[in-house]
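Q: What follows is data_32.pdb, PDB, C-alpha atoms, pLDDT in the B column.
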```pdb
ATOM      1  CA  MET A   1    -119.357  25.624 -63.286  1.00 39.00           C
ATOM      2  CA  LEU A   2    -120.751  22.438 -61.742  1.00 42.00           C
ATOM      3  CA  PRO A   3    -117.417  21.102 -60.407  1.00 44.00           C
ATOM      4  CA  THR A   4    -116.709  24.509 -58.884  1.00 46.00           C
ATOM      5  CA  SER A   5    -120.131  24.517 -57.248  1.00 43.00           C
ATOM      6  CA  SER A   6    -119.510  21.032 -55.876  1.00 42.00           C
ATOM      7  CA  LYS A   7    -116.200  22.096 -54.368  1.00 46.00           C
ATOM      8  CA  ALA A   8    -117.871  25.098 -52.821  1.00 44.00           C
ATOM      9  CA  ARG A   9    -120.475  22.886 -51.181  1.00 43.00           C
ATOM     10  CA  ALA A  10    -117.743  20.588 -49.858  1.00 44.00           C
ATOM     11  CA  SER A  11    -115.840  23.580 -48.510  1.00 45.00           C
ATOM     12  CA  SER A  12    -119.017  24.880 -46.911  1.00 44.00           C
ATOM     13  CA  SER A  13    -119.567  21.510 -45.234  1.00 46.00           C
ATOM     14  CA  ALA A  14    -116.017  21.522 -43.854  1.00 49.00           C
ATOM     15  CA  SER A  15    -116.444  25.046 -42.501  1.00 48.00           C
ATOM     16  CA  ARG A  16    -119.686  24.059 -40.802  1.00 52.00           C
ATOM     17  CA  ALA A  17    -117.948  21.087 -39.149  1.00 53.00           C
ATOM     18  CA  GLN A  18    -115.151  23.342 -37.863  1.00 55.00           C
ATOM     19  CA  SER A  19    -117.571  25.887 -36.422  1.00 57.00           C
ATOM     20  CA  MET A  20    -119.534  23.124 -34.690  1.00 63.00           C
ATOM     21  CA  PHE A  21    -116.655  22.137 -32.392  1.00 61.00           C
ATOM     22  CA  PRO A  22    -116.534  25.336 -30.245  1.00 69.00           C
ATOM     23  CA  GLN A  23    -120.312  25.183 -29.842  1.00 67.00           C
ATOM     24  CA  TYR A  24    -120.014  21.531 -28.800  1.00 65.00           C
ATOM     25  CA  LEU A  25    -117.461  22.448 -26.105  1.00 62.00           C
ATOM     26  CA  ARG A  26    -119.576  25.324 -24.805  1.00 66.00           C
ATOM     27  CA  ARG A  27    -122.567  23.030 -24.305  1.00 65.00           C
ATOM     28  CA  ILE A  28    -120.566  20.757 -21.975  1.00 69.00           C
ATOM     29  CA  ILE A  29    -121.232  23.113 -19.041  1.00 68.00           C
ATOM     30  CA  LYS A  30    -124.900  23.683 -19.928  1.00 67.00           C
ATOM     31  CA  TRP A  31    -126.899  20.750 -18.566  1.00 69.00           C
ATOM     32  CA  GLN A  32    -130.211  22.273 -19.620  1.00 71.00           C
ATOM     33  CA  GLN A  33    -129.180  21.922 -23.271  1.00 72.00           C
ATOM     34  CA  MET A  34    -128.310  18.220 -22.989  1.00 83.00           C
ATOM     35  CA  ASP A  35    -130.719  15.423 -23.838  1.00 86.00           C
ATOM     36  CA  ILE A  36    -130.013  13.170 -20.857  1.00 91.00           C
ATOM     37  CA  GLU A  37    -132.908  10.776 -21.492  1.00 93.00           C
ATOM     38  CA  TYR A  38    -131.852  10.111 -25.082  1.00 93.00           C
ATOM     39  CA  THR A  39    -128.257   9.590 -23.953  1.00 94.00           C
ATOM     40  CA  PHE A  40    -129.269   6.859 -21.490  1.00 96.00           C
ATOM     41  CA  TRP A  41    -131.433   5.314 -24.229  1.00 96.00           C
ATOM     42  CA  GLN A  42    -128.355   5.168 -26.474  1.00 97.00           C
ATOM     43  CA  MET A  43    -126.215   3.652 -23.711  1.00 97.00           C
ATOM     44  CA  LEU A  44    -128.776   0.927 -23.077  1.00 97.00           C
ATOM     45  CA  HIS A  45    -129.127   0.022 -26.747  1.00 97.00           C
ATOM     46  CA  LEU A  46    -125.370   0.064 -27.346  1.00 97.00           C
ATOM     47  CA  CYS A  47    -125.249  -2.888 -24.944  1.00 97.00           C
ATOM     48  CA  THR A  48    -128.301  -4.697 -26.318  1.00 96.00           C
ATOM     49  CA  SER A  49    -128.966  -3.694 -29.960  1.00 95.00           C
ATOM     50  CA  PRO A  50    -126.289  -1.290 -31.241  1.00 96.00           C
ATOM     51  CA  LYS A  51    -127.568  -1.333 -34.823  1.00 95.00           C
ATOM     52  CA  VAL A  52    -130.639   0.588 -33.618  1.00 95.00           C
ATOM     53  CA  VAL A  53    -128.379   3.384 -32.352  1.00 95.00           C
ATOM     54  CA  TYR A  54    -126.665   3.719 -35.713  1.00 94.00           C
ATOM     55  CA  GLN A  55    -130.013   3.645 -37.478  1.00 92.00           C
ATOM     56  CA  HIS A  56    -130.844   6.769 -35.470  1.00 91.00           C
ATOM     57  CA  THR A  57    -127.497   8.196 -36.549  1.00 89.00           C
ATOM     58  CA  LYS A  58    -128.805   8.090 -40.119  1.00 88.00           C
ATOM     59  CA  TYR A  59    -131.892  10.037 -39.038  1.00 85.00           C
ATOM     60  CA  HIS A  60    -129.634  12.578 -37.325  1.00 80.00           C
ATOM     61  CA  LYS A  61    -127.752  13.069 -40.586  1.00 84.00           C
ATOM     62  CA  GLN A  62    -131.020  13.673 -42.436  1.00 83.00           C
ATOM     63  CA  THR A  63    -132.305  16.223 -39.916  1.00 84.00           C
ATOM     64  CA  LYS A  64    -129.101  17.996 -38.804  1.00 81.00           C
ATOM     65  CA  ASN A  65    -126.988  17.440 -41.951  1.00 82.00           C
ATOM     66  CA  GLN A  66    -124.098  16.072 -39.884  1.00 86.00           C
ATOM     67  CA  TRP A  67    -123.127  12.623 -38.677  1.00 90.00           C
ATOM     68  CA  ALA A  68    -121.616  13.723 -35.365  1.00 88.00           C
ATOM     69  CA  ARG A  69    -123.620  14.497 -32.239  1.00 88.00           C
ATOM     70  CA  ASP A  70    -124.091  18.158 -31.442  1.00 85.00           C
ATOM     71  CA  ASP A  71    -124.914  17.192 -27.849  1.00 86.00           C
ATOM     72  CA  PRO A  72    -121.950  16.429 -25.505  1.00 90.00           C
ATOM     73  CA  ALA A  73    -124.215  14.652 -22.991  1.00 92.00           C
ATOM     74  CA  PHE A  74    -122.823  11.208 -23.881  1.00 94.00           C
ATOM     75  CA  VAL A  75    -119.233  12.263 -23.132  1.00 94.00           C
ATOM     76  CA  VAL A  76    -120.218  14.028 -19.894  1.00 93.00           C
ATOM     77  CA  ILE A  77    -122.336  11.152 -18.533  1.00 95.00           C
ATOM     78  CA  CYS A  78    -119.798   8.521 -19.569  1.00 96.00           C
ATOM     79  CA  SER A  79    -117.061  10.501 -17.776  1.00 95.00           C
ATOM     80  CA  LEU A  80    -119.180  10.780 -14.620  1.00 96.00           C
ATOM     81  CA  LEU A  81    -119.984   7.056 -14.625  1.00 97.00           C
ATOM     82  CA  LEU A  82    -116.317   6.244 -15.180  1.00 97.00           C
ATOM     83  CA  ALA A  83    -115.339   8.480 -12.246  1.00 96.00           C
ATOM     84  CA  VAL A  84    -117.916   6.816  -9.965  1.00 96.00           C
ATOM     85  CA  ALA A  85    -116.755   3.321 -10.962  1.00 96.00           C
ATOM     86  CA  THR A  86    -113.118   4.253 -10.380  1.00 95.00           C
ATOM     87  CA  LEU A  87    -113.984   5.686  -6.968  1.00 94.00           C
ATOM     88  CA  ALA A  88    -115.636   2.362  -6.128  1.00 95.00           C
ATOM     89  CA  TYR A  89    -112.367   0.576  -6.966  1.00 95.00           C
ATOM     90  CA  CYS A  90    -110.446   3.078  -4.854  1.00 93.00           C
ATOM     91  CA  ALA A  91    -112.792   2.542  -1.906  1.00 92.00           C
ATOM     92  CA  ALA A  92    -112.184  -1.204  -2.120  1.00 91.00           C
ATOM     93  CA  TYR A  93    -108.484  -1.344  -2.965  1.00 89.00           C
ATOM     94  CA  ASP A  94    -106.827   2.041  -2.388  1.00 81.00           C
ATOM     95  CA  HIS A  95    -104.885   3.250   0.637  1.00 73.00           C
ATOM     96  CA  SER A  96    -105.145   7.057   0.558  1.00 84.00           C
ATOM     97  CA  PRO A  97    -107.599   9.751  -0.621  1.00 87.00           C
ATOM     98  CA  SER A  98    -104.869  11.650  -2.471  1.00 88.00           C
ATOM     99  CA  HIS A  99    -103.885   8.559  -4.415  1.00 88.00           C
ATOM    100  CA  ALA A 100    -107.547   7.873  -5.163  1.00 90.00           C
ATOM    101  CA  ILE A 101    -107.908  11.328  -6.745  1.00 92.00           C
ATOM    102  CA  LEU A 102    -104.815  10.632  -8.857  1.00 92.00           C
ATOM    103  CA  VAL A 103    -106.257   7.295  -9.983  1.00 93.00           C
ATOM    104  CA  VAL A 104    -109.595   8.841 -10.970  1.00 94.00           C
ATOM    105  CA  LEU A 105    -107.915  11.628 -12.953  1.00 94.00           C
ATOM    106  CA  SER A 106    -105.518   9.247 -14.704  1.00 93.00           C
ATOM    107  CA  VAL A 107    -108.343   6.858 -15.659  1.00 94.00           C
ATOM    108  CA  LEU A 108    -110.499   9.687 -17.012  1.00 95.00           C
ATOM    109  CA  LEU A 109    -107.647  11.298 -18.925  1.00 93.00           C
ATOM    110  CA  PHE A 110    -105.718   8.304 -20.226  1.00 92.00           C
ATOM    111  CA  HIS A 111    -108.250   5.452 -20.417  1.00 90.00           C
ATOM    112  CA  PHE A 112    -111.057   7.511 -21.920  1.00 94.00           C
ATOM    113  CA  LEU A 113    -110.192  10.964 -23.238  1.00 93.00           C
ATOM    114  CA  ILE A 114    -106.571  10.805 -24.455  1.00 95.00           C
ATOM    115  CA  ALA A 115    -106.914   7.225 -25.700  1.00 95.00           C
ATOM    116  CA  GLY A 116    -110.192   8.240 -27.355  1.00 95.00           C
ATOM    117  CA  VAL A 117    -108.637  11.235 -29.083  1.00 96.00           C
ATOM    118  CA  LEU A 118    -105.745   9.114 -30.388  1.00 97.00           C
ATOM    119  CA  LEU A 119    -107.993   6.275 -31.584  1.00 97.00           C
ATOM    120  CA  ALA A 120    -110.536   8.649 -33.119  1.00 97.00           C
ATOM    121  CA  THR A 121    -107.810  10.593 -34.919  1.00 97.00           C
ATOM    122  CA  SER A 122    -106.271   7.371 -36.261  1.00 97.00           C
ATOM    123  CA  CYS A 123    -109.637   6.107 -37.536  1.00 97.00           C
ATOM    124  CA  TRP A 124    -110.530   9.548 -38.918  1.00 97.00           C
ATOM    125  CA  PHE A 125    -107.257   9.685 -40.866  1.00 97.00           C
ATOM    126  CA  LEU A 126    -107.533   6.073 -42.053  1.00 96.00           C
ATOM    127  CA  THR A 127    -111.119   6.359 -43.281  1.00 96.00           C
ATOM    128  CA  ASN A 128    -110.622   9.676 -45.062  1.00 95.00           C
ATOM    129  CA  SER A 129    -107.319   8.649 -46.624  1.00 94.00           C
ATOM    130  CA  TYR A 130    -107.935   5.034 -47.634  1.00 94.00           C
ATOM    131  CA  LEU A 131    -111.538   3.876 -47.182  1.00 94.00           C
ATOM    132  CA  ARG A 132    -113.584   6.526 -48.979  1.00 91.00           C
ATOM    133  CA  GLU A 133    -115.258   5.498 -52.220  1.00 84.00           C
ATOM    134  CA  GLU A 134    -114.094   7.279 -55.335  1.00 74.00           C
ATOM    135  CA  ALA A 135    -116.652   9.806 -56.564  1.00 63.00           C
ATOM    136  CA  PRO A 136    -118.156   8.564 -59.872  1.00 60.00           C
ATOM    137  CA  ASN A 137    -117.877  12.052 -61.381  1.00 58.00           C
ATOM    138  CA  SER A 138    -116.803  15.556 -60.483  1.00 54.00           C
ATOM    139  CA  HIS A 139    -120.412  16.727 -59.938  1.00 55.00           C
ATOM    140  CA  VAL A 140    -120.830  14.633 -56.748  1.00 59.00           C
ATOM    141  CA  VAL A 141    -120.281  16.430 -53.454  1.00 67.00           C
ATOM    142  CA  GLU A 142    -117.218  15.060 -51.683  1.00 75.00           C
ATOM    143  CA  GLN A 143    -118.036  13.462 -48.331  1.00 87.00           C
ATOM    144  CA  ARG A 144    -115.578  13.025 -45.487  1.00 91.00           C
ATOM    145  CA  VAL A 145    -115.704  11.505 -42.015  1.00 94.00           C
ATOM    146  CA  GLU A 146    -116.070  14.238 -39.394  1.00 92.00           C
ATOM    147  CA  TRP A 147    -113.511  14.073 -36.576  1.00 94.00           C
ATOM    148  CA  LEU A 148    -116.267  14.540 -33.999  1.00 93.00           C
ATOM    149  CA  TYR A 149    -118.106  11.578 -35.507  1.00 95.00           C
ATOM    150  CA  ALA A 150    -114.962   9.449 -35.177  1.00 96.00           C
ATOM    151  CA  PHE A 151    -114.826  10.455 -31.511  1.00 96.00           C
ATOM    152  CA  ASP A 152    -118.533   9.607 -31.160  1.00 95.00           C
ATOM    153  CA  VAL A 153    -117.825   6.139 -32.535  1.00 97.00           C
ATOM    154  CA  HIS A 154    -115.084   5.667 -29.939  1.00 97.00           C
ATOM    155  CA  CYS A 155    -117.404   6.801 -27.131  1.00 96.00           C
ATOM    156  CA  ASN A 156    -120.158   4.470 -28.343  1.00 97.00           C
ATOM    157  CA  SER A 157    -117.712   1.568 -28.491  1.00 97.00           C
ATOM    158  CA  PHE A 158    -116.183   2.429 -25.132  1.00 97.00           C
ATOM    159  CA  PHE A 159    -119.409   2.361 -23.115  1.00 97.00           C
ATOM    160  CA  PRO A 160    -120.182  -1.415 -23.319  1.00 98.00           C
ATOM    161  CA  MET A 161    -116.487  -2.050 -22.638  1.00 97.00           C
ATOM    162  CA  PHE A 162    -116.832   0.203 -19.582  1.00 97.00           C
ATOM    163  CA  VAL A 163    -119.786  -1.876 -18.380  1.00 98.00           C
ATOM    164  CA  MET A 164    -117.779  -5.082 -18.715  1.00 98.00           C
ATOM    165  CA  LEU A 165    -114.344  -3.959 -17.523  1.00 96.00           C
ATOM    166  CA  TYR A 166    -115.333  -1.458 -14.839  1.00 96.00           C
ATOM    167  CA  VAL A 167    -118.746  -2.537 -13.551  1.00 97.00           C
ATOM    168  CA  ILE A 168    -118.952  -6.324 -14.033  1.00 97.00           C
ATOM    169  CA  HIS A 169    -115.214  -6.608 -13.410  1.00 97.00           C
ATOM    170  CA  TYR A 170    -115.596  -4.712 -10.118  1.00 96.00           C
ATOM    171  CA  PHE A 171    -118.057  -7.228  -8.685  1.00 96.00           C
ATOM    172  CA  MET A 172    -115.978 -10.149  -9.956  1.00 96.00           C
ATOM    173  CA  SER A 173    -112.612  -8.655  -8.977  1.00 95.00           C
ATOM    174  CA  PRO A 174    -112.119 -10.711  -5.767  1.00 94.00           C
ATOM    175  CA  LEU A 175    -112.179 -13.807  -7.967  1.00 95.00           C
ATOM    176  CA  LEU A 176    -110.418 -12.344 -11.001  1.00 96.00           C
ATOM    177  CA  VAL A 177    -107.345 -11.099  -9.109  1.00 93.00           C
ATOM    178  CA  ALA A 178    -106.864 -14.430  -7.332  1.00 93.00           C
ATOM    179  CA  HIS A 179    -104.194 -16.893  -8.363  1.00 93.00           C
ATOM    180  CA  GLY A 180    -105.034 -20.054 -10.275  1.00 95.00           C
ATOM    181  CA  PHE A 181    -106.192 -21.223 -13.682  1.00 96.00           C
ATOM    182  CA  ILE A 182    -109.902 -20.369 -13.267  1.00 97.00           C
ATOM    183  CA  PRO A 183    -109.279 -16.676 -12.402  1.00 97.00           C
ATOM    184  CA  VAL A 184    -106.845 -16.380 -15.321  1.00 97.00           C
ATOM    185  CA  LEU A 185    -109.353 -18.014 -17.683  1.00 97.00           C
ATOM    186  CA  LEU A 186    -112.263 -15.809 -16.590  1.00 97.00           C
ATOM    187  CA  SER A 187    -110.163 -12.653 -16.680  1.00 97.00           C
ATOM    188  CA  ASN A 188    -108.976 -13.312 -20.226  1.00 98.00           C
ATOM    189  CA  LEU A 189    -112.460 -14.234 -21.409  1.00 98.00           C
ATOM    190  CA  LEU A 190    -113.921 -11.022 -19.977  1.00 98.00           C
ATOM    191  CA  PHE A 191    -111.231  -8.862 -21.579  1.00 97.00           C
ATOM    192  CA  MET A 192    -111.541 -10.779 -24.866  1.00 97.00           C
ATOM    193  CA  VAL A 193    -115.310 -10.213 -25.060  1.00 98.00           C
ATOM    194  CA  ALA A 194    -114.948  -6.533 -24.091  1.00 98.00           C
ATOM    195  CA  ALA A 195    -112.210  -5.837 -26.666  1.00 97.00           C
ATOM    196  CA  SER A 196    -114.033  -7.761 -29.399  1.00 97.00           C
ATOM    197  CA  TYR A 197    -117.289  -5.918 -28.749  1.00 98.00           C
ATOM    198  CA  TYR A 198    -115.437  -2.596 -28.837  1.00 98.00           C
ATOM    199  CA  HIS A 199    -114.072  -3.348 -32.304  1.00 97.00           C
ATOM    200  CA  TYR A 200    -117.436  -4.683 -33.491  1.00 98.00           C
ATOM    201  CA  LEU A 201    -119.128  -1.398 -32.518  1.00 97.00           C
ATOM    202  CA  ASN A 202    -116.267   0.479 -34.145  1.00 97.00           C
ATOM    203  CA  PHE A 203    -117.044  -1.420 -37.345  1.00 97.00           C
ATOM    204  CA  LEU A 204    -120.769  -0.616 -37.098  1.00 97.00           C
ATOM    205  CA  GLY A 205    -119.998   3.065 -36.643  1.00 96.00           C
ATOM    206  CA  TYR A 206    -118.078   3.320 -39.890  1.00 97.00           C
ATOM    207  CA  ASP A 207    -120.069   0.737 -41.832  1.00 96.00           C
ATOM    208  CA  VAL A 208    -123.168   2.964 -41.554  1.00 95.00           C
ATOM    209  CA  LEU A 209    -121.440   5.698 -43.573  1.00 95.00           C
ATOM    210  CA  PRO A 210    -122.515   5.188 -47.211  1.00 92.00           C
ATOM    211  CA  PHE A 211    -119.381   6.758 -48.702  1.00 92.00           C
ATOM    212  CA  LEU A 212    -116.944   4.314 -47.067  1.00 95.00           C
ATOM    213  CA  GLU A 213    -115.871   0.957 -48.428  1.00 93.00           C
ATOM    214  CA  ARG A 214    -113.872  -2.005 -47.031  1.00 93.00           C
ATOM    215  CA  THR A 215    -115.061  -1.168 -43.512  1.00 95.00           C
ATOM    216  CA  THR A 216    -114.596  -4.836 -42.547  1.00 96.00           C
ATOM    217  CA  PHE A 217    -111.024  -3.707 -41.876  1.00 95.00           C
ATOM    218  CA  PHE A 218    -112.269  -2.634 -38.424  1.00 97.00           C
ATOM    219  CA  LEU A 219    -113.170  -6.266 -37.635  1.00 97.00           C
ATOM    220  CA  TYR A 220    -109.606  -7.535 -38.113  1.00 97.00           C
ATOM    221  CA  PRO A 221    -108.478  -6.711 -34.543  1.00 97.00           C
ATOM    222  CA  ILE A 222    -111.104  -9.158 -33.257  1.00 97.00           C
ATOM    223  CA  GLY A 223    -109.184 -11.975 -34.929  1.00 97.00           C
ATOM    224  CA  VAL A 224    -105.984 -10.821 -33.245  1.00 97.00           C
ATOM    225  CA  VAL A 225    -107.726 -10.747 -29.853  1.00 97.00           C
ATOM    226  CA  ILE A 226    -109.145 -14.259 -30.338  1.00 96.00           C
ATOM    227  CA  VAL A 227    -105.725 -15.636 -31.330  1.00 96.00           C
ATOM    228  CA  LEU A 228    -103.891 -13.951 -28.444  1.00 96.00           C
ATOM    229  CA  SER A 229    -106.346 -14.960 -25.711  1.00 96.00           C
ATOM    230  CA  PRO A 230    -105.473 -18.725 -25.617  1.00 96.00           C
ATOM    231  CA  ILE A 231    -101.780 -17.824 -25.611  1.00 97.00           C
ATOM    232  CA  LEU A 232    -102.242 -15.511 -22.625  1.00 96.00           C
ATOM    233  CA  ILE A 233    -104.353 -18.098 -20.800  1.00 96.00           C
ATOM    234  CA  LEU A 234    -101.782 -20.871 -21.289  1.00 96.00           C
ATOM    235  CA  SER A 235     -98.983 -18.538 -20.204  1.00 96.00           C
ATOM    236  CA  GLY A 236    -100.846 -17.762 -16.972  1.00 96.00           C
ATOM    237  CA  PHE A 237    -101.153 -14.030 -17.702  1.00 96.00           C
ATOM    238  CA  SER A 238    -104.083 -12.334 -15.942  1.00 96.00           C
ATOM    239  CA  PRO A 239    -105.173  -8.968 -17.404  1.00 96.00           C
ATOM    240  CA  SER A 240    -107.073  -8.249 -14.206  1.00 95.00           C
ATOM    241  CA  ARG A 241    -104.045  -8.665 -11.957  1.00 94.00           C
ATOM    242  CA  TYR A 242    -101.864  -6.752 -14.414  1.00 94.00           C
ATOM    243  CA  PHE A 243    -104.066  -3.659 -14.575  1.00 92.00           C
ATOM    244  CA  MET A 244    -105.045  -3.743 -10.898  1.00 92.00           C
ATOM    245  CA  ASN A 245    -101.383  -3.930  -9.925  1.00 91.00           C
ATOM    246  CA  ILE A 246    -100.683  -0.758 -11.873  1.00 88.00           C
ATOM    247  CA  TYR A 247    -102.931   1.259  -9.558  1.00 87.00           C
ATOM    248  CA  PHE A 248    -103.331  -0.834  -6.406  1.00 84.00           C
ATOM    249  CA  SER A 249    -100.136  -2.894  -6.169  1.00 72.00           C
ATOM    250  CA  GLN A 250     -99.872  -2.467  -2.391  1.00 52.00           C
ATOM    251  CA  ARG A 251    -103.264  -4.098  -1.819  1.00 54.00           C
ATOM    252  CA  LEU A 252    -102.957  -7.149  -4.114  1.00 58.00           C
TER     253      LEU A 252
END
```
Could you write out this file's structure as structure tokens?
A:
Amino acid sequence: MLPTSSKARASSSASRAQSMFPQYLRRIIKWQQMDIEYTFWQMLHLCTSPKVVYQHTKYHKQTKNQWARDDPAFVVICSLLLAVATLAYCAAYDHSPSHAILVVLSVLLFHFLIAGVLLATSCWFLTNSYLREEAPNSHVVEQRVEWLYAFDVHCNSFFPMFVMLYVIHYFMSPLLVAHGFIPVLLSNLLFMVAASYYHYLNFLGYDVLPFLERTTFFLYPIGVVIVLSPILILSGFSPSRYFMNIYFSQRL
């Protein structure tokens, strides 16, 4: 009877995770139910001491019996900040209000949400299929990575990258989009640090889960980024000019 009971508990956990998603979506339009102060605390510490944030994730698991946030405040605030930053770029480099609206919507949808869903789904599938530890016996409750937690990890990793590539980049953009070796060097270094930090936070997010193994896999992309950066610098490729030209080609 014990294996059957274990499977029932695992099934119950999966059902609870599925029922949590509609509630999570409903809370997006209810500001009074969001913990805004805690969200800003998380954003600050993701840039300064991210391990502290994931230590609190362990406490959340102990109190709420789930790894994922049940509060959509992080997604909402991150989206608003991203929209404001994109509007600042449009004010500086765009040529029409209608095009500015299109840029803001495309950045929100493709840079953050759609890319986040694809990356979270890939990591969710990878961790559950290949990185989970084998249960020592049939009496142990099976644990799986929640999809919402995988999306949380993406959001956590995205925010410091947002600070570097949307905020710091904005103030440095007159230099970064210029021609010459120094702008190319600085642009590549900024993108290299941002991408590496994203993957480092991705690693921390999955490394904190006690039922996963070989999570150092999520650090491998950092090596690829470090190898590619000198090649891009020597070739004269500027990530800043490339991405700015996609949206503001008539002004560069």
Q: Counting only C-alpha atoms, what is within 12 Å of Val177 in chain A, bar same-chain residues fewer than 2 positions away, as a PyMOL selection string?
A: chain A and resi 93+169-175+179-188+237-245+248-249+251-252
Q: Quick one, how far is CA of Phe159 in chain A from CA of Cys47 in chain A?
A: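 Here the two named atoms are 8.1 Å from each other.
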Q: Could you tell me which residues the PyMOL selection byres ((chain A and resi 132) around 7) returns for this structure, as a PyMOL selection string?
A: chain A and resi 127-128+130-131+133-134+211-213
Q: For the structure provided, state which residues fall under the PyMOL selection byres ((chain A and resi 194-198) around 8), and present them as a PyMOL selection string.
A: chain A and resi 157-158+160-161+164-165+190-193+199-202+221-222+225
Q: Expand the PyMOL selection byres ((chain A and resi 205) around 12) into the individual residues it matches in the shown file, reporting them as a compact mmCIF listing (two decimals) with C-alpha atoms, keeping the file's coordinate frame.
A:
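Result file is part38.txt:
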```txt
# COMPACT_ATOMS: atom_id res chain seq x y z
CA LEU A 46 -125.37 0.06 -27.35
CA PRO A 50 -126.29 -1.29 -31.24
CA LYS A 51 -127.57 -1.33 -34.82
CA VAL A 52 -130.64 0.59 -33.62
CA VAL A 53 -128.38 3.38 -32.35
CA TYR A 54 -126.66 3.72 -35.71
CA GLN A 55 -130.01 3.64 -37.48
CA HIS A 56 -130.84 6.77 -35.47
CA THR A 57 -127.50 8.20 -36.55
CA LYS A 58 -128.80 8.09 -40.12
CA TRP A 67 -123.13 12.62 -38.68
CA ALA A 68 -121.62 13.72 -35.36
CA ALA A 120 -110.54 8.65 -33.12
CA CYS A 123 -109.64 6.11 -37.54
CA TRP A 124 -110.53 9.55 -38.92
CA THR A 127 -111.12 6.36 -43.28
CA VAL A 145 -115.70 11.50 -42.02
CA TYR A 149 -118.11 11.58 -35.51
CA ALA A 150 -114.96 9.45 -35.18
CA PHE A 151 -114.83 10.46 -31.51
CA ASP A 152 -118.53 9.61 -31.16
CA VAL A 153 -117.82 6.14 -32.53
CA HIS A 154 -115.08 5.67 -29.94
CA CYS A 155 -117.40 6.80 -27.13
CA ASN A 156 -120.16 4.47 -28.34
CA SER A 157 -117.71 1.57 -28.49
CA TYR A 198 -115.44 -2.60 -28.84
CA HIS A 199 -114.07 -3.35 -32.30
CA TYR A 200 -117.44 -4.68 -33.49
CA LEU A 201 -119.13 -1.40 -32.52
CA ASN A 202 -116.27 0.48 -34.15
CA PHE A 203 -117.04 -1.42 -37.34
CA LEU A 204 -120.77 -0.62 -37.10
CA TYR A 206 -118.08 3.32 -39.89
CA ASP A 207 -120.07 0.74 -41.83
CA VAL A 208 -123.17 2.96 -41.55
CA LEU A 209 -121.44 5.70 -43.57
CA PRO A 210 -122.52 5.19 -47.21
CA LEU A 212 -116.94 4.31 -47.07
CA THR A 215 -115.06 -1.17 -43.51
CA THR A 216 -114.60 -4.84 -42.55
CA PHE A 218 -112.27 -2.63 -38.42
CA LEU A 219 -113.17 -6.27 -37.64
```
Q: Between CA of Val104 in chain A and CA of Leu80 in chain A, what is the spacing in Å?
A: 10.4 Å
Q: Let me make sure I understand: among A:Leu126, A:Ile233, A:Leu108, A:Met43, which one has the smallest atom-to-atom distance to Phe217 in chain A if we use all atoms listed in the file?
A: A:Leu126
